[in-house]
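Content type mmCIF, C-alpha atoms, pLDDT in the B column; chains and numbers go by the auth columns, from the file start-v4.cif:
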```cif
data_protein
loop_
_atom_site.group_PDB
_atom_site.id
_atom_site.type_symbol
_atom_site.label_atom_id
_atom_site.label_comp_id
_atom_site.label_asym_id
_atom_site.label_seq_id
_atom_site.Cartn_x
_atom_site.Cartn_y
_atom_site.Cartn_z
_atom_site.B_iso_or_equiv
_atom_site.auth_seq_id
_atom_site.auth_asym_id
ATOM 1 C CA MET A 1 0.000 0.000 0.000 41.00 1 A
ATOM 2 C CA ASN A 2 1.290 3.449 -0.876 47.00 2 A
ATOM 3 C CA ASN A 3 1.751 5.598 2.232 48.00 3 A
ATOM 4 C CA LYS A 4 2.361 8.771 0.270 53.00 4 A
ATOM 5 C CA LYS A 5 -0.518 11.190 0.836 55.00 5 A
ATOM 6 C CA THR A 6 -1.798 13.105 -2.130 56.00 6 A
ATOM 7 C CA PHE A 7 -3.594 16.375 -1.654 65.00 7 A
ATOM 8 C CA LEU A 8 -5.391 18.702 -3.988 67.00 8 A
ATOM 9 C CA SER A 9 -3.700 22.013 -4.641 73.00 9 A
ATOM 10 C CA ILE A 10 -5.540 25.314 -4.890 72.00 10 A
ATOM 11 C CA LYS A 11 -5.279 25.048 -8.686 75.00 11 A
ATOM 12 C CA ASP A 12 -6.898 21.594 -8.636 75.00 12 A
ATOM 13 C CA ILE A 13 -9.844 22.791 -6.566 73.00 13 A
ATOM 14 C CA VAL A 14 -10.311 25.870 -8.769 73.00 14 A
ATOM 15 C CA PHE A 15 -10.291 23.597 -11.826 74.00 15 A
ATOM 16 C CA MET A 16 -12.909 21.311 -10.256 73.00 16 A
ATOM 17 C CA ASN A 17 -15.146 24.312 -9.627 71.00 17 A
ATOM 18 C CA ILE A 18 -14.641 25.588 -13.156 71.00 18 A
ATOM 19 C CA ILE A 19 -15.554 22.180 -14.577 69.00 19 A
ATOM 20 C CA SER A 20 -18.738 21.987 -12.559 68.00 20 A
ATOM 21 C CA ILE A 21 -19.917 25.560 -13.175 69.00 21 A
ATOM 22 C CA VAL A 22 -18.431 26.761 -16.443 68.00 22 A
ATOM 23 C CA SER A 23 -19.189 24.473 -19.350 66.00 23 A
ATOM 24 C CA LEU A 24 -19.699 24.901 -23.068 64.00 24 A
ATOM 25 C CA ARG A 25 -23.409 24.940 -22.370 67.00 25 A
ATOM 26 C CA GLN A 26 -22.884 28.048 -20.229 72.00 26 A
ATOM 27 C CA VAL A 27 -20.587 29.629 -22.810 69.00 27 A
ATOM 28 C CA LEU A 28 -23.274 29.225 -25.460 71.00 28 A
ATOM 29 C CA ASN A 29 -25.924 30.687 -23.149 75.00 29 A
ATOM 30 C CA ALA A 30 -23.685 33.653 -22.327 75.00 30 A
ATOM 31 C CA ALA A 31 -22.600 34.352 -25.913 72.00 31 A
ATOM 32 C CA PRO A 32 -25.387 36.871 -26.659 78.00 32 A
ATOM 33 C CA TYR A 33 -24.115 39.076 -23.823 78.00 33 A
ATOM 34 C CA GLY A 34 -20.722 39.494 -25.461 74.00 34 A
ATOM 35 C CA ALA A 35 -17.452 40.483 -23.859 72.00 35 A
ATOM 36 C CA SER A 36 -19.113 41.697 -20.682 77.00 36 A
ATOM 37 C CA GLN A 37 -19.739 38.071 -19.768 77.00 37 A
ATOM 38 C CA VAL A 38 -15.996 37.359 -19.812 75.00 38 A
ATOM 39 C CA ILE A 39 -15.463 40.194 -17.348 82.00 39 A
ATOM 40 C CA LEU A 40 -18.172 38.774 -15.076 81.00 40 A
ATOM 41 C CA TRP A 41 -16.547 35.324 -15.207 77.00 41 A
ATOM 42 C CA CYS A 42 -13.189 36.851 -14.259 80.00 42 A
ATOM 43 C CA ILE A 43 -14.850 38.602 -11.313 85.00 43 A
ATOM 44 C CA ALA A 44 -16.441 35.292 -10.321 79.00 44 A
ATOM 45 C CA ALA A 45 -13.056 33.577 -10.508 77.00 45 A
ATOM 46 C CA PHE A 46 -11.401 36.090 -8.202 82.00 46 A
ATOM 47 C CA CYS A 47 -14.374 36.508 -5.857 86.00 47 A
ATOM 48 C CA PHE A 48 -15.621 32.905 -5.693 81.00 48 A
ATOM 49 C CA PHE A 49 -13.466 30.175 -7.246 76.00 49 A
ATOM 50 C CA ILE A 50 -10.091 31.183 -5.812 80.00 50 A
ATOM 51 C CA PRO A 51 -11.340 32.088 -2.282 84.00 51 A
ATOM 52 C CA LEU A 52 -13.363 28.856 -2.163 79.00 52 A
ATOM 53 C CA ALA A 53 -10.302 26.840 -3.120 79.00 53 A
ATOM 54 C CA MET A 54 -8.215 28.624 -0.501 84.00 54 A
ATOM 55 C CA VAL A 55 -10.828 27.941 2.196 85.00 55 A
ATOM 56 C CA CYS A 56 -10.999 24.257 1.210 80.00 56 A
ATOM 57 C CA CYS A 57 -7.212 23.954 1.339 80.00 57 A
ATOM 58 C CA GLU A 58 -7.083 25.670 4.722 85.00 58 A
ATOM 59 C CA LEU A 59 -9.801 23.388 6.128 84.00 59 A
ATOM 60 C CA CYS A 60 -7.979 20.336 4.764 80.00 60 A
ATOM 61 C CA ILE A 61 -4.824 21.458 6.545 83.00 61 A
ATOM 62 C CA LYS A 62 -6.679 22.159 9.804 84.00 62 A
ATOM 63 C CA TYR A 63 -8.641 18.863 9.683 83.00 63 A
ATOM 64 C CA PRO A 64 -6.404 16.373 7.832 80.00 64 A
ATOM 65 C CA VAL A 65 -8.652 13.372 8.502 80.00 65 A
ATOM 66 C CA ASN A 66 -10.891 11.787 5.873 78.00 66 A
ATOM 67 C CA GLY A 67 -14.424 13.105 5.710 79.00 67 A
ATOM 68 C CA GLY A 68 -14.188 16.459 3.966 81.00 68 A
ATOM 69 C CA ILE A 69 -17.282 18.604 4.289 84.00 69 A
ATOM 70 C CA PHE A 70 -18.782 16.324 6.964 88.00 70 A
ATOM 71 C CA ILE A 71 -15.800 16.846 9.293 88.00 71 A
ATOM 72 C CA TRP A 72 -15.676 20.584 8.643 87.00 72 A
ATOM 73 C CA VAL A 73 -19.361 21.116 9.406 89.00 73 A
ATOM 74 C CA LYS A 74 -19.269 18.710 12.374 90.00 74 A
ATOM 75 C CA GLU A 75 -16.434 20.658 13.981 88.00 75 A
ATOM 76 C CA ALA A 76 -18.233 23.967 13.466 87.00 76 A
ATOM 77 C CA PHE A 77 -21.922 23.138 14.001 91.00 77 A
ATOM 78 C CA GLY A 78 -22.246 19.617 15.371 91.00 78 A
ATOM 79 C CA ILE A 79 -22.969 16.156 14.069 92.00 79 A
ATOM 80 C CA LYS A 80 -26.670 16.657 13.227 93.00 80 A
ATOM 81 C CA THR A 81 -25.957 19.626 10.980 93.00 81 A
ATOM 82 C CA ALA A 82 -23.031 17.772 9.404 90.00 82 A
ATOM 83 C CA TRP A 83 -25.290 14.838 8.592 93.00 83 A
ATOM 84 C CA VAL A 84 -27.909 17.122 6.992 93.00 84 A
ATOM 85 C CA VAL A 85 -25.246 18.927 4.928 89.00 85 A
ATOM 86 C CA SER A 86 -23.784 15.602 3.789 89.00 86 A
ATOM 87 C CA VAL A 87 -27.187 14.268 2.746 90.00 87 A
ATOM 88 C CA TYR A 88 -27.974 17.458 0.806 89.00 88 A
ATOM 89 C CA TYR A 89 -24.559 17.354 -0.862 86.00 89 A
ATOM 90 C CA LEU A 90 -25.060 13.698 -1.808 85.00 90 A
ATOM 91 C CA MET A 91 -28.511 14.414 -3.240 86.00 91 A
ATOM 92 C CA SER A 92 -27.201 17.342 -5.285 82.00 92 A
ATOM 93 C CA CYS A 93 -24.434 15.141 -6.714 79.00 93 A
ATOM 94 C CA ILE A 94 -26.860 12.330 -7.501 82.00 94 A
ATOM 95 C CA VAL A 95 -29.030 14.751 -9.481 83.00 95 A
ATOM 96 C CA PHE A 96 -26.392 17.051 -11.010 80.00 96 A
ATOM 97 C CA PHE A 97 -23.743 14.684 -12.344 81.00 97 A
ATOM 98 C CA PRO A 98 -26.026 12.233 -14.193 84.00 98 A
ATOM 99 C CA MET A 99 -27.878 15.205 -15.689 83.00 99 A
ATOM 100 C CA LEU A 100 -24.559 16.610 -16.898 80.00 100 A
ATOM 101 C CA LEU A 101 -23.551 13.242 -18.362 84.00 101 A
ATOM 102 C CA PHE A 102 -26.898 12.823 -20.116 86.00 102 A
ATOM 103 C CA PHE A 103 -26.575 16.328 -21.587 83.00 103 A
ATOM 104 C CA ALA A 104 -23.077 15.531 -22.855 82.00 104 A
ATOM 105 C CA PHE A 105 -24.079 12.215 -24.437 87.00 105 A
ATOM 106 C CA ASN A 106 -27.255 13.700 -25.899 86.00 106 A
ATOM 107 C CA SER A 107 -25.202 16.461 -27.531 82.00 107 A
ATOM 108 C CA PHE A 108 -22.642 13.947 -28.776 84.00 108 A
ATOM 109 C CA PHE A 109 -25.196 11.599 -30.320 86.00 109 A
ATOM 110 C CA ASN A 110 -27.122 14.501 -31.847 85.00 110 A
ATOM 111 C CA LEU A 111 -23.853 15.667 -33.397 83.00 111 A
ATOM 112 C CA LEU A 112 -23.445 12.197 -34.913 86.00 112 A
ATOM 113 C CA GLN A 113 -27.118 12.356 -36.011 85.00 113 A
ATOM 114 C CA VAL A 114 -28.002 9.095 -34.276 81.00 114 A
ATOM 115 C CA GLU A 115 -31.785 8.606 -34.364 77.00 115 A
ATOM 116 C CA ASN A 116 -33.761 7.247 -31.371 75.00 116 A
ATOM 117 C CA ASN A 117 -30.752 7.461 -29.105 79.00 117 A
ATOM 118 C CA HIS A 118 -32.552 7.423 -25.713 86.00 118 A
ATOM 119 C CA PHE A 119 -31.387 3.939 -24.722 88.00 119 A
ATOM 120 C CA LEU A 120 -27.843 4.658 -25.902 88.00 120 A
ATOM 121 C CA ILE A 121 -27.728 7.922 -23.917 87.00 121 A
ATOM 122 C CA MET A 122 -28.985 6.135 -20.803 88.00 122 A
ATOM 123 C CA LEU A 123 -26.523 3.266 -21.202 90.00 123 A
ATOM 124 C CA CYS A 124 -23.510 5.536 -21.779 90.00 124 A
ATOM 125 C CA GLY A 125 -24.569 7.807 -18.909 88.00 125 A
ATOM 126 C CA ILE A 126 -24.902 4.936 -16.435 90.00 126 A
ATOM 127 C CA ILE A 127 -21.611 3.347 -17.498 93.00 127 A
ATOM 128 C CA SER A 128 -19.803 6.689 -17.250 90.00 128 A
ATOM 129 C CA PHE A 129 -21.330 7.449 -13.854 88.00 129 A
ATOM 130 C CA CYS A 130 -20.232 4.046 -12.565 90.00 130 A
ATOM 131 C CA ALA A 131 -16.729 4.520 -14.002 89.00 131 A
ATOM 132 C CA PHE A 132 -16.358 7.950 -12.391 85.00 132 A
ATOM 133 C CA THR A 133 -17.616 6.540 -9.090 86.00 133 A
ATOM 134 C CA TYR A 134 -14.993 3.793 -9.338 89.00 134 A
ATOM 135 C CA PHE A 135 -12.255 6.395 -9.923 85.00 135 A
ATOM 136 C CA ASN A 136 -13.462 8.246 -6.816 82.00 136 A
ATOM 137 C CA ILE A 137 -13.205 5.039 -4.823 86.00 137 A
ATOM 138 C CA LEU A 138 -9.632 4.509 -6.052 85.00 138 A
ATOM 139 C CA GLY A 139 -8.566 7.816 -4.544 80.00 139 A
ATOM 140 C CA ILE A 140 -7.909 11.467 -5.063 77.00 140 A
ATOM 141 C CA ARG A 141 -4.848 10.882 -7.251 81.00 141 A
ATOM 142 C CA TYR A 142 -6.999 9.319 -9.983 83.00 142 A
ATOM 143 C CA VAL A 143 -9.718 11.929 -9.607 80.00 143 A
ATOM 144 C CA ASN A 144 -7.071 14.614 -10.024 80.00 144 A
ATOM 145 C CA ILE A 145 -5.819 13.005 -13.248 83.00 145 A
ATOM 146 C CA LEU A 146 -9.385 12.808 -14.641 83.00 146 A
ATOM 147 C CA ASN A 147 -9.987 16.387 -13.558 79.00 147 A
ATOM 148 C CA LYS A 148 -6.962 17.636 -15.497 81.00 148 A
ATOM 149 C CA ILE A 149 -7.885 15.637 -18.595 85.00 149 A
ATOM 150 C CA PHE A 150 -11.481 16.893 -18.661 80.00 150 A
ATOM 151 C CA ILE A 151 -10.653 20.519 -17.863 80.00 151 A
ATOM 152 C CA TYR A 152 -8.532 20.658 -21.006 82.00 152 A
ATOM 153 C CA LEU A 153 -10.670 18.467 -23.275 81.00 153 A
ATOM 154 C CA GLY A 154 -14.010 19.804 -22.118 76.00 154 A
ATOM 155 C CA ILE A 155 -13.392 23.451 -21.267 77.00 155 A
ATOM 156 C CA PHE A 156 -10.096 25.033 -22.315 81.00 156 A
ATOM 157 C CA ILE A 157 -9.583 23.498 -25.757 84.00 157 A
ATOM 158 C CA PRO A 158 -13.208 24.005 -26.932 81.00 158 A
ATOM 159 C CA ILE A 159 -13.212 27.608 -25.673 79.00 159 A
ATOM 160 C CA LEU A 160 -9.899 28.263 -27.449 86.00 160 A
ATOM 161 C CA ILE A 161 -11.374 26.795 -30.640 87.00 161 A
ATOM 162 C CA LEU A 162 -14.443 29.031 -30.296 81.00 162 A
ATOM 163 C CA CYS A 163 -12.243 32.092 -29.723 83.00 163 A
ATOM 164 C CA PHE A 164 -10.125 31.192 -32.739 89.00 164 A
ATOM 165 C CA LEU A 165 -13.215 30.779 -34.922 85.00 165 A
ATOM 166 C CA ALA A 166 -14.562 34.109 -33.650 82.00 166 A
ATOM 167 C CA LEU A 167 -11.304 35.823 -34.617 86.00 167 A
ATOM 168 C CA VAL A 168 -11.402 34.168 -38.044 88.00 168 A
ATOM 169 C CA GLN A 169 -14.969 35.459 -38.460 85.00 169 A
ATOM 170 C CA ILE A 170 -13.913 38.984 -37.519 83.00 170 A
ATOM 171 C CA PHE A 171 -10.816 39.068 -39.735 86.00 171 A
ATOM 172 C CA MET A 172 -12.650 37.553 -42.707 85.00 172 A
ATOM 173 C CA GLY A 173 -14.879 40.604 -42.700 77.00 173 A
ATOM 174 C CA GLY A 174 -17.911 38.958 -41.160 70.00 174 A
ATOM 175 C CA GLY A 175 -17.922 41.300 -38.192 64.00 175 A
ATOM 176 C CA ILE A 176 -19.589 40.644 -34.886 62.00 176 A
ATOM 177 C CA ASN A 177 -23.315 39.889 -34.984 60.00 177 A
#
```

Starting from the file, give its structure as structure tokens.
Amino acid sequence: MNNKKTFLSIKDIVFMNIISIVSLRQVLNAAPYGASQVILWCIAAFCFFIPLAMVCCELCIKYPVNGGIFIWVKEAFGIKTAWVVSVYYLMSCIVFFPMLLFFAFNSFFNLLQVENNHFLIMLCGIISFCAFTYFNILGIRYVNILNKIFIYLGIFIPILILCFLALVQIFMGGGIN
């Protein structure tokens, strides 16, 4: 058994928050608002993502035992409140992550123009959810690797492609609509 402890850095926690909140779906919804939306996202990064990551890192240092949010809330407010917070967090994850997976697979299969893809979306979503759960069971090192892969493949690279295509549109004389 490996005794080396692996922790998440501030950058890792910020990336996890960016993955869960900022997605291509949000970029497409924000596109009509133009450049002002980028400024608002930068404000959100400095006022929410980075402070949240710093608080999580500080709490992990202060309470280095396993348990995360349950331990933090238990130490501050007691075991009953910690249990309620943990149940609410679990319920939000059970609803949010499958919904996100189903959206991703629905978009993917619509891109491939697959007809009657409901069963395929459900199957891929359940398999992916089980695989991600397995990676979480393996430990934070594997979750961190998946996090880094998906932040680049799912957020940074597609946004860079969209920015590049927007610049091509501008320089080709199409202007900004």

*Using the chain letters and numbers from the file, which residues does the PyMOL selection byres ((chain A and resi 123-139) around 12) grab, as JSON, numbers by chain?*
{"A": [2, 4, 5, 6, 7, 8, 66, 93, 94, 95, 96, 97, 98, 99, 100, 101, 102, 103, 104, 105, 106, 108, 109, 117, 118, 119, 120, 121, 122, 140, 141, 142, 143, 144, 145, 146, 147, 150]}

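Separating CA of Ile161 in chain A from CA of Ser9 in chain A is a distance of 27.5 Å.
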
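Residues matching the PyMOL selection byres ((chain A and resi 72) around 12) in this structure come to Val55, Cys56, Cys57, Glu58, Leu59, Cys60, Ile61, Lys62, Tyr63, Pro64, Val65, Asn66, Gly67, Gly68, Ile69, Phe70, Ile71, Val73, Lys74, Glu75, Ala76, Phe77, Gly78, Ile79, Thr81, Ala82, Trp83, Val85 and Ser86 of chain A.
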
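The shortest atom-to-atom distance to Cys42 in chain A, with only C-alpha atoms taken into account, belongs to A:Ile18 out of A:Ile18, A:Met54, A:Leu111, A:Val84.
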
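One finds CA of Tyr152 in chain A at 23.8 Å from CA of Gln169 in chain A.
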
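A straight line drawn from CA of Tyr88 in chain A to CA of Phe48 in chain A is 20.8 Å long.
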
*For Ile50 in chain A, list every protein, DNA or RNA residue within 10 Å, evaluated using all atoms listed in the file, and leave out those in the same chain fewer than 6 positions away; present the list as number ranges by chain.*
A: 10-11, 13-15, 17, 44, 56

Let me have the centre and edge lengths of the axis-aligned box enclosing all listed atoms of range 113-126 of chain A with 4 Å padding on every side, in Å to one decimal, as lines of an AutoDock Vina configuration file.
```
center_x = -28.6
center_y = 7.8
center_z = -26.2
size_x = 18.3
size_y = 17.1
size_z = 27.6
```
